[in-house]
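Have a look at the structure below before the remarks.
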Amino acid sequence: MTASVWRVGHILNSVQSTFVGLLRVWSIPIVLLLSLASGYTTYYGMSFFITWWIALIITVAVQSIIVICTLELAATHWRANLPRYLAIAGSLAVALVVSVSFSYFKFYEYSRRDGLLLERQQQLQAEIGGYLAGVADLKTQLIARQKEQAAAAAKEANQAYVGAHPAMQGEFRHKVGRGPFWRHFHELQEQEQASLARLETDLTRVDPQTQALRASEQRFMFDPTSEAAYKQLAEAFQQLQAVVSDLAAGQGFPAPRAPVLTPYSEFSRGMTPSFDMWRDISWFALACAAMVDFFTLILSYRLESTAPGPLSEEEQDLAYQGLRQFGEFTINQHDELEFRIEKTELERARRVSDWSRMFTVAFLLNRGYLRKIGGKTVEFAPNLYPIIAERLKIRNVEPAIQPRPAVTEQLKTQVERKLYG
């Protein structure tokens, strides 16, 4: 085995170990960033119900509970302390429900933003259309009433001309011609005809205002995000409403009920959280809200169960001294070194104490340098090989502490096969 081959293998293992370590260290800022993102959406939904500073405090508490309870849950075994495990799990569940519920509103609002604006646009169009229909109905009623009054006056004038008017009594009864009775009712007829002409003239003032409102409505419907177009629409509506109100008041008719046009800031505002968003639930928005907290939960759990950093020199010596006490190593189907952590029959017969080596195994399992693949079987993690290789002095250097020859030679051979095939 040449020195160059050894150096390449050593570099590859170092890079792999460093990369895995960096990923574990990088999980800390990722957890903080995910908590910050989830906290923002939680605060956004909560701020609609309570004062902003109280919502901020509750949000910080909720996100802290999620991270802290996840870390404690990863270090707590339910069989050892079931009440504590249930208390931690319950606190975590409550915090997750609060976080996801208020975060859901932010994602729901974003997903329904275009639909909400379209609904308001359609509602505004329907209200304006209803008002214009009322204006048209008012015009029809005014014209019809005035025509009826003009027709009634003409009928009375005709009756007075032929002497058949009910008001003509005595010698004036059946007197035909243009007498005083006819002149009186003829003047009334002319007055009603003049009123009809004035009414038709007044109604023509409504048409330009109606056309201006229709044009403003079309411009705004084409670009509902334009505040200037909305202001033009509101001004045209107010002008039409003023003309119609004056006309209806002058004729003694009630004006049509006009909708209230809110300011554009109110028209374009976002949603207000309510139970309607849960009745018309958006599963995509709910999944997005839960996804952020799910990633926070998983990374926090892994942060507690795996080591974020490498072993020190003393810990590497401890790992080497503990592992060399095991004598049966094999290469499993994953091409990893595997060994059993229980005593052999000979060791049980000799009553050998395995406290130190079992402590080493537990230490390496917790630090992520060993992986448990069975009840009594563990395998090497990739970042453990360079540590053992360094302690075995593969660079043709004798180890400082001589282990048992057979065990050391077997372990050395298997490490070389793992590193260099």
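Labels used: A, B, ... for chains in the order of the structure tokens, numbers from 1 for residues in each chain, and numbers from 1 for ligands as shown.
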Per residue of segment 248-286 of chain A within 12 Å of segment 196-207 of chain A, which atom pair is closest and at what distance in Å (one decimal), using only C-alpha atoms, listed by chain and increasing number, as a tab-separated table?
```
residue	atom	partner	partner_atom	distance
A:Ala248	CA	A:Leu203	CA	10.5
A:Gly250	CA	A:Leu199	CA	10.0
A:Gln251	CA	A:Leu199	CA	8.9
```
### Message
List as an MDAnalysis selection string the protein and nucleic acid residues near segment 322-332 of chain A, meaning an atom at most 6 Å away when only C-alpha atoms are counted, but skip any in the same chain fewer than 4 places from it.
### Response
chainID A and resid 336:339 357 360 407
### Interatomic distance, atom CA of Glu119 of chain A to atom CA of Tyr104 of chain A (Å, one decimal)
20.9 Å
Dump as JSON lines the rows for residues of segment 81-112 of chain A within 12 Å of segment 57-60 of chain A: closest atom pair and distance in Å with one decimal, only C-alpha atoms counted, ordered by chain and rising residue number.
```
{"residue": "A:Ala95", "atom": "CA", "partner": "A:Thr59", "partner_atom": "CA", "distance": 9.7}
{"residue": "A:Leu96", "atom": "CA", "partner": "A:Thr59", "partner_atom": "CA", "distance": 11.4}
{"residue": "A:Val98", "atom": "CA", "partner": "A:Thr59", "partner_atom": "CA", "distance": 9.2}
{"residue": "A:Ser99", "atom": "CA", "partner": "A:Thr59", "partner_atom": "CA", "distance": 8.0}
{"residue": "A:Val100", "atom": "CA", "partner": "A:Thr59", "partner_atom": "CA", "distance": 11.6}
{"residue": "A:Phe102", "atom": "CA", "partner": "A:Thr59", "partner_atom": "CA", "distance": 9.9}
{"residue": "A:Ser103", "atom": "CA", "partner": "A:Thr59", "partner_atom": "CA", "distance": 10.7}
```
### Task
Fewer than 5 positions away in the same chain doesn't count, so skip those; otherwise give me all residues within 9 Å of Thr210 of chain A, counting only C-alpha atoms, as a list of chain:residue names.
A:Leu132, A:Ala215, A:Ala236, A:Phe237, A:Leu240
Just N, CA and C atoms for this one: save the residues we selected as a PDB file, in the first residue's frame.
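File produced: part.pdb:
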```
ATOM      1  N   LEU A 132     -78.101  51.182 -10.066  1.00  0.00           N
ATOM      2  CA  LEU A 132     -78.499  51.689 -11.386  1.00  0.00           C
ATOM      3  C   LEU A 132     -79.861  51.142 -11.801  1.00  0.00           C
ATOM      4  N   ALA A 215     -68.556  53.902 -17.281  1.00  0.00           N
ATOM      5  CA  ALA A 215     -67.192  53.951 -17.806  1.00  0.00           C
ATOM      6  C   ALA A 215     -66.164  53.798 -16.681  1.00  0.00           C
ATOM      7  N   ALA A 236     -67.659  59.388  -9.510  1.00  0.00           N
ATOM      8  CA  ALA A 236     -68.774  59.286 -10.454  1.00  0.00           C
ATOM      9  C   ALA A 236     -70.034  58.790  -9.757  1.00  0.00           C
ATOM     10  N   PHE A 237     -69.881  57.867  -8.830  1.00  0.00           N
ATOM     11  CA  PHE A 237     -71.043  57.354  -8.109  1.00  0.00           C
ATOM     12  C   PHE A 237     -71.649  58.437  -7.230  1.00  0.00           C
ATOM     13  N   LEU A 240     -73.643  60.924  -9.418  1.00  0.00           N
ATOM     14  CA  LEU A 240     -74.919  60.356  -9.830  1.00  0.00           C
ATOM     15  C   LEU A 240     -75.892  60.294  -8.662  1.00  0.00           C
TER      16      LEU A 240
END
```
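Non-sequential neighbours of Glu127 of chain A (distance at most 10 Å, separation of 3 or more positions within a chain, only C-alpha atoms) are Gln121, Gln122, Gln123, Leu124, Gly130, Tyr131, Leu132, Ala133, Arg257, Ala258, Pro259, Val260 and Leu261 of chain A.
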Go ahead and write the selection's residues with N, CA and C atoms as a compact mmCIF listing (two decimals), in the first residue's frame.
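Saved the output as out18.txt:
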```
# COMPACT_ATOMS: atom_id res chain seq x y z
N GLN A 121 -64.71 42.59 -5.82
CA GLN A 121 -64.96 43.27 -7.09
C GLN A 121 -66.35 42.91 -7.61
N GLN A 122 -66.69 41.63 -7.56
CA GLN A 122 -68.01 41.20 -8.02
C GLN A 122 -69.12 41.77 -7.13
N GLN A 123 -68.87 41.84 -5.82
CA GLN A 123 -69.87 42.40 -4.92
C GLN A 123 -70.09 43.89 -5.20
N LEU A 124 -68.99 44.62 -5.44
CA LEU A 124 -69.11 46.03 -5.78
C LEU A 124 -69.87 46.22 -7.08
N GLY A 130 -77.23 47.08 -8.96
CA GLY A 130 -78.52 47.17 -8.28
C GLY A 130 -78.97 48.61 -8.11
N TYR A 131 -78.02 49.50 -7.81
CA TYR A 131 -78.38 50.91 -7.66
C TYR A 131 -78.82 51.51 -9.00
N LEU A 132 -78.10 51.18 -10.07
CA LEU A 132 -78.50 51.69 -11.39
C LEU A 132 -79.86 51.14 -11.80
N ALA A 133 -80.14 49.91 -11.42
CA ALA A 133 -81.48 49.35 -11.70
C ALA A 133 -82.54 50.12 -10.93
N ARG A 257 -82.02 53.04 -2.74
CA ARG A 257 -81.03 52.77 -1.69
C ARG A 257 -79.65 52.64 -2.33
N ALA A 258 -78.73 53.48 -1.89
CA ALA A 258 -77.39 53.51 -2.48
C ALA A 258 -76.42 52.73 -1.61
N PRO A 259 -75.55 51.92 -2.21
CA PRO A 259 -74.52 51.21 -1.42
C PRO A 259 -73.49 52.18 -0.89
N VAL A 260 -72.83 51.77 0.18
CA VAL A 260 -71.77 52.58 0.79
C VAL A 260 -70.44 52.13 0.22
N LEU A 261 -69.77 53.01 -0.49
CA LEU A 261 -68.46 52.71 -1.06
C LEU A 261 -67.39 53.05 -0.03
```
#### Entry: Exercise: Lys376 of chain A partners within 7 Å, only C-alpha atoms, chain neighbours under 5 positions left out, as an MDAnalysis selection string
chainID A and resid 340:342
Grab the residues selected above and save them as an mmCIF file, in the first residue's frame with C-alpha atoms.
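Output saved as out-v5.cif:
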```cif
data_model
loop_
_atom_site.group_PDB
_atom_site.id
_atom_site.type_symbol
_atom_site.label_atom_id
_atom_site.label_comp_id
_atom_site.auth_asym_id
_atom_site.auth_seq_id
_atom_site.Cartn_x
_atom_site.Cartn_y
_atom_site.Cartn_z
ATOM 1 C CA ARG A 340 -21.976 -7.576 18.825
ATOM 2 C CA ILE A 341 -21.984 -5.711 22.128
ATOM 3 C CA GLU A 342 -22.986 -8.619 24.390
#
```
### Query
Nearest to Leu233 of chain A among A:Leu86, A:Leu213, A:Ile28, A:Ala389, with distances taken over only C-alpha atoms: which residue is it?
A:Leu213
### Query
Could you write out, as a VMD selection string, all the residues of segment 183-414 of chain A that DSSP marks as strand (DSSP E or B)?
chain A and resid 329 to 331 337 to 340 370 to 372 377 to 380
Writer output for current selection, N, CA and C atoms, as a JSON list (two decimals), in the first residue's frame:
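Okay, selection27.json is ready:
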```
[["chain", "number", "residue", "atom", "x", "y", "z"],
["A", 329, "PHE", "N", -15.44, -8.91, 14.90],
["A", 329, "PHE", "CA", -15.87, -7.89, 13.94],
["A", 329, "PHE", "C", -16.14, -8.55, 12.59],
["A", 330, "THR", "N", -17.22, -8.12, 11.96],
["A", 330, "THR", "CA", -17.55, -8.60, 10.61],
["A", 330, "THR", "C", -17.95, -7.42, 9.74],
["A", 331, "ILE", "N", -17.95, -7.64, 8.43],
["A", 331, "ILE", "CA", -18.42, -6.63, 7.49],
["A", 331, "ILE", "C", -19.80, -7.06, 7.03],
["A", 337, "LEU", "N", -18.33, -2.05, 9.17],
["A", 337, "LEU", "CA", -17.86, -2.93, 10.25],
["A", 337, "LEU", "C", -18.97, -3.10, 11.27],
["A", 338, "GLU", "N", -19.19, -4.33, 11.66],
["A", 338, "GLU", "CA", -20.29, -4.66, 12.57],
["A", 338, "GLU", "C", -19.75, -5.56, 13.67],
["A", 339, "PHE", "N", -20.26, -5.36, 14.89],
["A", 339, "PHE", "CA", -19.86, -6.25, 15.99],
["A", 339, "PHE", "C", -21.00, -6.30, 17.00],
["A", 340, "ARG", "N", -20.96, -7.37, 17.80],
["A", 340, "ARG", "CA", -21.98, -7.58, 18.83],
["A", 340, "ARG", "C", -21.47, -7.01, 20.14],
["A", 370, "LEU", "N", -21.42, 5.48, 16.21],
["A", 370, "LEU", "CA", -21.89, 4.12, 16.04],
["A", 370, "LEU", "C", -23.37, 4.16, 15.74],
["A", 371, "ARG", "N", -23.84, 3.15, 14.99],
["A", 371, "ARG", "CA", -25.25, 3.06, 14.66],
["A", 371, "ARG", "C", -25.77, 1.69, 15.09],
["A", 372, "LYS", "N", -26.88, 1.71, 15.79],
["A", 372, "LYS", "CA", -27.46, 0.45, 16.27],
["A", 372, "LYS", "C", -28.33, -0.15, 15.17],
["A", 377, "THR", "N", -26.45, -5.56, 18.26],
["A", 377, "THR", "CA", -25.50, -5.37, 17.16],
["A", 377, "THR", "C", -25.43, -3.89, 16.79],
["A", 378, "VAL", "N", -24.19, -3.43, 16.59],
["A", 378, "VAL", "CA", -23.96, -2.05, 16.15],
["A", 378, "VAL", "C", -22.97, -2.08, 14.99],
["A", 379, "GLU", "N", -22.93, -0.97, 14.24],
["A", 379, "GLU", "CA", -22.00, -0.84, 13.13],
["A", 379, "GLU", "C", -21.31, 0.51, 13.18],
["A", 380, "PHE", "N", -20.19, 0.62, 12.50],
["A", 380, "PHE", "CA", -19.42, 1.84, 12.46],
["A", 380, "PHE", "C", -20.14, 2.88, 11.59]]
```
### Query
Contacts of Leu118 of chain A at 12 Å or less, counting only C-alpha atoms, minus same-chain residues fewer than 5 places along, as a list in words?
Arg112, Arg113, Gln123, Leu124, Gln125, Phe220, Met221, Phe222, Asp223, Pro224, Thr225, Phe267 and Ser268 of chain A
May I have the residues from that selection written out with N, CA and C atoms, as a compact mmCIF listing (two decimals), in the first residue's frame?
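out_38.txt, written as the output of this step:
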```txt
# COMPACT_ATOMS: atom_id res chain seq x y z
N ARG A 112 -55.90 32.86 -0.76
CA ARG A 112 -57.20 33.39 -1.14
C ARG A 112 -57.14 34.86 -1.53
N ARG A 113 -55.94 35.44 -1.66
CA ARG A 113 -55.82 36.87 -1.90
C ARG A 113 -56.49 37.28 -3.21
N GLN A 123 -68.87 41.84 -5.82
CA GLN A 123 -69.87 42.40 -4.92
C GLN A 123 -70.09 43.89 -5.20
N LEU A 124 -68.99 44.62 -5.44
CA LEU A 124 -69.11 46.03 -5.78
C LEU A 124 -69.87 46.22 -7.08
N GLN A 125 -69.58 45.39 -8.06
CA GLN A 125 -70.26 45.47 -9.34
C GLN A 125 -71.75 45.18 -9.19
N PHE A 220 -62.20 50.35 -13.63
CA PHE A 220 -61.76 49.75 -12.37
C PHE A 220 -61.82 48.23 -12.43
N MET A 221 -62.83 47.67 -13.06
CA MET A 221 -62.92 46.22 -13.19
C MET A 221 -61.77 45.66 -14.02
N PHE A 222 -61.28 46.47 -14.95
CA PHE A 222 -60.14 46.03 -15.75
C PHE A 222 -58.85 46.03 -14.94
N ASP A 223 -58.73 46.95 -13.98
CA ASP A 223 -57.53 47.04 -13.14
C ASP A 223 -57.95 47.28 -11.70
N PRO A 224 -58.36 46.23 -10.98
CA PRO A 224 -58.86 46.41 -9.60
C PRO A 224 -57.79 46.80 -8.60
N THR A 225 -56.52 46.77 -8.99
CA THR A 225 -55.45 47.17 -8.06
C THR A 225 -55.12 48.65 -8.17
N PHE A 267 -61.20 48.61 0.90
CA PHE A 267 -61.57 47.67 -0.17
C PHE A 267 -60.46 46.66 -0.43
N SER A 268 -59.21 47.11 -0.38
CA SER A 268 -58.07 46.25 -0.73
C SER A 268 -57.43 45.60 0.48
```
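Atom pair atom CA of Leu142 of chain A / atom CA of Ala126 of chain A: separated by 24.3 Å.
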### Task
From a DSSP pass on the backbone, collect the residues of segment 354-400 of chain A flagged as alpha helix (DSSP H) and hand them back as a list of chain:residue names.
A:Trp355, A:Ser356, A:Arg357, A:Met358, A:Phe359, A:Thr360, A:Val361, A:Ala362, A:Phe363, A:Leu364, A:Leu365, A:Asn366, A:Arg367, A:Tyr385, A:Pro386, A:Ile387, A:Ile388, A:Ala389, A:Glu390, A:Arg391, A:Leu392
Output for the residues just chosen: C-alpha atoms as a PDB file, in the first residue's frame:
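Generated output (part.pdb):
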```pdb
ATOM      1  CA  TRP A 355     -18.522  -1.789  32.059  1.00  0.00           C
ATOM      2  CA  SER A 356     -15.830   0.281  30.330  1.00  0.00           C
ATOM      3  CA  ARG A 357     -16.466  -1.042  26.823  1.00  0.00           C
ATOM      4  CA  MET A 358     -20.266  -0.758  27.172  1.00  0.00           C
ATOM      5  CA  PHE A 359     -19.787   2.826  28.334  1.00  0.00           C
ATOM      6  CA  THR A 360     -17.722   3.424  25.205  1.00  0.00           C
ATOM      7  CA  VAL A 361     -20.420   1.942  22.984  1.00  0.00           C
ATOM      8  CA  ALA A 362     -23.142   4.029  24.628  1.00  0.00           C
ATOM      9  CA  PHE A 363     -20.941   7.129  24.341  1.00  0.00           C
ATOM     10  CA  LEU A 364     -20.294   6.583  20.634  1.00  0.00           C
ATOM     11  CA  LEU A 365     -23.953   5.784  19.962  1.00  0.00           C
ATOM     12  CA  ASN A 366     -25.023   9.048  21.563  1.00  0.00           C
ATOM     13  CA  ARG A 367     -22.361  10.993  19.676  1.00  0.00           C
ATOM     14  CA  TYR A 385     -13.113   4.951  10.465  1.00  0.00           C
ATOM     15  CA  PRO A 386     -10.487   7.712  10.228  1.00  0.00           C
ATOM     16  CA  ILE A 387     -10.308   7.879  14.039  1.00  0.00           C
ATOM     17  CA  ILE A 388      -9.588   4.169  14.384  1.00  0.00           C
ATOM     18  CA  ALA A 389      -7.253   4.279  11.392  1.00  0.00           C
ATOM     19  CA  GLU A 390      -5.220   7.017  13.053  1.00  0.00           C
ATOM     20  CA  ARG A 391      -5.022   5.066  16.276  1.00  0.00           C
ATOM     21  CA  LEU A 392      -3.932   1.910  14.438  1.00  0.00           C
TER      22      LEU A 392
END
```
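Candidate residues A:Trp26, A:Phe19, A:Trp278, A:Tyr230 were compared for distance to Arg302 of chain A, and the nearest is A:Trp26, using only C-alpha atoms.
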### Message
Just the number, please: distance in Å from atom CA of Leu117 of chain A to atom CA of Ala287 of chain A, one decimal.
### Response
23.4 Å
